[in-house]
Amino acid sequence: MVNTRYSSYRASRLPPLDALRGLIMVLMALDHANHFIAQQHSSGEYWGGRFPVYHDALPFLTRLVTHLCAPGFFFLMGVGMLLFAHSHRKGGWSEWANIRHFLIRGGLLIALQLLVVNRAWELSAGGWALELYIGVLFALGGTMILGSLLLWLKPEFLLTLTAALVLGTELLTPDPSRWNRAFQPLSRLLLVPGGNLDLWVNYPVLPWLELVTLGMVFGHWLVNDPRRAFERALRFGAAFILAFLVLRSLDGFGNIRPRAGNTWVDFLNPVKYPPSITFNLLTMGINLLIMGLFARASDKLRRFFQPLIVFGRTPLFFYLFHLFLYAGLGLWLTPNGTSIPKMYLYWLLGLLILYPLCLWYGKLKHRQPTNSILRFF
């Protein structure tokens, strides 16, 4: 007997994907509100150097939930690329047409990072001294360009490549004792986060490519059987969480650097830059569980996360607009920062402003032809 909740997914967008993407956008906005408004953002969980220290639970939990964002972005982009390519092959597009489409989109993301997003970071209340910053849009663009060349691979080969990237980037990450040493710019862009005021890289391309290829594998599963794919998401999510608990307890390979201490905060605070195996297991385990639960939700319950779907269908528009929105709110209302609880109120205010804008843009975007520039946002 066909489950009607899943059978309709083949003919339209997949609501669980959009809902998860929307949730990620909302949590990302929390992270950036923390930066621009509270001015209490973590210095970053890098492979070397000083590790963040939290003196109470709320700042840490505020940071922890936002860790879901970056892995979710790259994973969902891989899913979307595979589904887009599959759909357009059926519509008569050649492999080169698909590649060209993603080359253009990837190049646009890189350009937006360098020309637009970095201008938003310059509005930080404490100033912004970096000459060239390589953030998440740069890595999304870079992995999209590389991923476009992999869309023809079968799922088993993509899984093998994913495993090779997971192990390879972990093994190639320098020892934490080398934090203050110089690295070539290409090494920074491809593998090693950090740098200096001339070039600072948070998101090198190769460590995040593994999540894009994993997303492509999931995209293949969705094409074959959406219901089974979302059930697999629940099983794999639980398995990832279990693997995280084991590797984190052992505190060896998979962590990049030892835990900073023995508290529960230290246990749940793995290296993000570059994403350690434990970081990806924890965050993607939670992301997959949430997506699987979204897929199981009844039609009645699904109405409650309709706002997430609105945000999830306009991700780039949301991303660009929210940075300048929260930067402006911070400069205007909290030039000297504020408490975490008060920051949450400003975060919600920003979401209330963003919702009607994203709803309007989503409708506008839906009316455009496939290759319209507005579709890219």
# chains A, B, ... in the order shown; residues from 1 in each chain; ligands from 1

$ closest_atom_pairs --of "segment 223-324 of chain A" --to "segment 26-34 of chain A" --cutoff "10 Å" --atoms "only C-alpha atoms" --output "Markdown table"
| residue | atom | partner | partner_atom | distance |
| --- | --- | --- | --- | --- |
| A:Leu308 | CA | A:Val26 | CA | 7.9 |
| A:Phe311 | CA | A:Val26 | CA | 8.0 |
| A:Gly312 | CA | A:Val26 | CA | 9.3 |
| A:Phe318 | CA | A:Ala29 | CA | 9.2 |
| A:Tyr319 | CA | A:Ala29 | CA | 8.3 |
| A:His322 | CA | A:Ala29 | CA | 6.9 |
| A:Leu323 | CA | A:His32 | CA | 7.2 |

$ residues_around --residues "Leu191 of chain A" --least-positions-apart "3" --cutoff "8 Å" --atoms "only C-alpha atoms" --output "ChimeraX atom specification"
/A:169,173,187-188,204-207,274

$ closest_atom_pairs --of "segment 255-352 of chain A" --to "segment 51-72 of chain A" --cutoff "8 Å" --atoms "only C-alpha atoms" --output "JSON lines"
{"residue": "A:Ala260", "atom": "CA", "partner": "A:Phe51", "partner_atom": "CA", "distance": 7.3}
{"residue": "A:Val265", "atom": "CA", "partner": "A:Phe60", "partner_atom": "CA", "distance": 7.4}
{"residue": "A:Leu268", "atom": "CA", "partner": "A:Leu64", "partner_atom": "CA", "distance": 7.9}
{"residue": "A:Asn269", "atom": "CA", "partner": "A:Leu64", "partner_atom": "CA", "distance": 7.5}
{"residue": "A:Asn280", "atom": "CA", "partner": "A:Pro71", "partner_atom": "CA", "distance": 6.9}
{"residue": "A:Thr283", "atom": "CA", "partner": "A:Leu68", "partner_atom": "CA", "distance": 5.0}
{"residue": "A:Met284", "atom": "CA", "partner": "A:Pro71", "partner_atom": "CA", "distance": 6.6}
{"residue": "A:Ile286", "atom": "CA", "partner": "A:Leu68", "partner_atom": "CA", "distance": 7.6}
{"residue": "A:Asn287", "atom": "CA", "partner": "A:Gly72", "partner_atom": "CA", "distance": 6.7}
{"residue": "A:Ile340", "atom": "CA", "partner": "A:Pro59", "partner_atom": "CA", "distance": 7.0}

$ write_last_selection --atoms "N, CA and C atoms" --output "mmCIF file, in the first residue's frame"
data_model
loop_
_atom_site.group_PDB
_atom_site.id
_atom_site.type_symbol
_atom_site.label_atom_id
_atom_site.label_comp_id
_atom_site.auth_asym_id
_atom_site.auth_seq_id
_atom_site.Cartn_x
_atom_site.Cartn_y
_atom_site.Cartn_z
ATOM 1 N N ALA A 260 39.240 19.605 25.684
ATOM 2 C CA ALA A 260 39.848 20.653 26.508
ATOM 3 C C ALA A 260 39.728 20.359 27.996
ATOM 4 N N VAL A 265 30.361 20.013 28.809
ATOM 5 C CA VAL A 265 30.575 21.023 27.768
ATOM 6 C C VAL A 265 31.751 20.621 26.893
ATOM 7 N N LEU A 268 30.836 17.811 24.457
ATOM 8 C CA LEU A 268 29.959 18.184 23.341
ATOM 9 C C LEU A 268 30.532 19.312 22.494
ATOM 10 N N ASN A 269 31.813 19.596 22.642
ATOM 11 C CA ASN A 269 32.421 20.738 21.953
ATOM 12 C C ASN A 269 33.594 20.276 21.089
ATOM 13 N N ASN A 280 31.142 16.086 12.672
ATOM 14 C CA ASN A 280 30.187 15.706 11.633
ATOM 15 C C ASN A 280 29.235 14.615 12.098
ATOM 16 N N THR A 283 26.626 16.453 14.498
ATOM 17 C CA THR A 283 25.726 17.389 13.835
ATOM 18 C C THR A 283 24.880 16.713 12.764
ATOM 19 N N MET A 284 25.486 15.853 11.965
ATOM 20 C CA MET A 284 24.697 15.190 10.929
ATOM 21 C C MET A 284 23.787 14.126 11.519
ATOM 22 N N ILE A 286 22.135 14.491 14.306
ATOM 23 C CA ILE A 286 20.955 15.261 14.714
ATOM 24 C C ILE A 286 20.171 15.733 13.492
ATOM 25 N N ASN A 287 20.877 16.237 12.467
ATOM 26 C CA ASN A 287 20.189 16.704 11.255
ATOM 27 C C ASN A 287 19.374 15.596 10.602
ATOM 28 N N ILE A 340 22.801 37.434 26.577
ATOM 29 C CA ILE A 340 22.284 36.381 25.715
ATOM 30 C C ILE A 340 20.751 36.337 25.746
#

$ closest_residue --among "A:Glu131, A:Asp18, A:Asp175, A:Asp225" --to "Ile256 of chain A" --atoms "only C-alpha atoms"
A:Asp175

$ atom_distance --atom1 "atom CA of Leu112 of chain A" --atom2 "atom CA of Val166 of chain A"
27.8 Å

$ select_by_dssp --residues "segment 6-123 of chain A" --states "helix (DSSP H, G or I)" --output "PyMOL selection string"
chain A and resi 6-11+15-38+57-66+69-90+95-121

$ select_by_dssp --residues "segment 157-271 of chain A" --states "strand (DSSP E)" --output "number ranges by chain"
A: 194-195, 200-201

$ write_last_selection --atoms "C-alpha atoms" --output "compact mmCIF listing (two decimals), in the first residue's frame"
# COMPACT_ATOMS: atom_id res chain seq x y z
CA GLY A 194 43.27 29.86 9.96
CA GLY A 195 45.72 32.41 8.61
CA TRP A 200 41.79 34.16 7.04
CA VAL A 201 40.03 30.93 6.08

$ atom_distance --atom1 "atom CA of Thr160 of chain A" --atom2 "atom CA of Leu146 of chain A"
16.2 Å

$ residues_around --residues "Glu156 of chain A" --least-positions-apart "3" --cutoff "12 Å" --atoms "only C-alpha atoms" --output "PyMOL selection string"
chain A and resi 152-153+159-163+213-214+216-218+220-221

$ residues_around --residues "Thr314 of chain A" --least-positions-apart "3" --cutoff "9 Å" --atoms "only C-alpha atoms" --output "PyMOL selection string"
chain A and resi 22+309-311+317-319+358-359+361-362+365+377

$ closest_residue --among "A:Ser124, A:Ser177, A:Ser372, A:Asn202" --to "Trp332 of chain A" --atoms "only C-alpha atoms"
A:Ser124

$ closest_residue --among "A:Pro258, A:Gly106, A:Gly80, A:Gly237" --to "Gly219 of chain A" --atoms "only C-alpha atoms"
A:Gly80

$ atom_distance --atom1 "atom CA of Ala327 of chain A" --atom2 "atom CA of Phe73 of chain A"
21.8 Å

$ closest_residue --among "A:Met291, A:Leu320, A:Ile134, A:Leu329" --to "Leu23 of chain A" --atoms "only C-alpha atoms"
A:Met291

$ closest_residue --among "A:Val192, A:Leu172, A:Leu167, A:Leu316" --to "Ile277 of chain A" --atoms "only C-alpha atoms"
A:Leu167

$ closest_residue --among "A:Trp179, A:Lys154, A:Glu170, A:Gly292" --to "Gly254 of chain A" --atoms "only C-alpha atoms"
A:Glu170

$ residues_around --residues "Asp198 of chain A" --least-positions-apart "6" --cutoff "12 Å" --atoms "only C-alpha atoms" --output "ChimeraX atom specification"
/A:128-134,185

$ residues_around --residues "Ser339 of chain A" --least-positions-apart "3" --cutoff "12 Å" --atoms "only C-alpha atoms" --output "PDB file with C-alpha atoms, in the first residue's frame"
ATOM      1  CA  ALA A  33      22.573  37.605  16.157  1.00  0.00           C
ATOM      2  CA  ASN A  34      24.940  36.418  18.872  1.00  0.00           C
ATOM      3  CA  HIS A  35      27.835  37.913  16.900  1.00  0.00           C
ATOM      4  CA  ILE A  37      23.902  41.947  18.740  1.00  0.00           C
ATOM      5  CA  ALA A  38      25.119  40.187  21.893  1.00  0.00           C
ATOM      6  CA  GLN A  39      28.772  40.393  20.789  1.00  0.00           C
ATOM      7  CA  GLN A  40      29.396  37.171  22.735  1.00  0.00           C
ATOM      8  CA  HIS A  41      30.120  34.854  19.836  1.00  0.00           C
ATOM      9  CA  LEU A  58      23.463  29.216  28.062  1.00  0.00           C
ATOM     10  CA  PRO A  59      26.267  30.688  25.889  1.00  0.00           C
ATOM     11  CA  THR A 334      23.128  47.346  21.021  1.00  0.00           C
ATOM     12  CA  ASN A 336      28.008  47.824  23.247  1.00  0.00           C
ATOM     13  CA  LYS A 342      18.011  39.841  25.470  1.00  0.00           C
ATOM     14  CA  MET A 343      19.748  38.829  22.258  1.00  0.00           C
ATOM     15  CA  TYR A 344      17.151  36.093  21.819  1.00  0.00           C
ATOM     16  CA  LEU A 345      14.426  38.759  21.661  1.00  0.00           C
ATOM     17  CA  TYR A 346      16.253  40.623  18.893  1.00  0.00           C
TER      18      TYR A 346
END

$ closest_atom_pairs --of "segment 98-195 of chain A" --to "segment 83-92 of chain A" --cutoff "10 Å" --atoms "only C-alpha atoms" --output "tab-separated table"
residue	atom	partner	partner_atom	distance
A:Asn98	CA	A:Ala85	CA	6.0
A:Ile99	CA	A:Ala85	CA	8.7
A:His101	CA	A:Ala85	CA	9.5
A:Phe102	CA	A:Ala85	CA	9.5
A:Ser148	CA	A:Ala85	CA	9.1
A:Leu151	CA	A:Ala85	CA	7.5
A:Trp152	CA	A:Ala85	CA	9.2
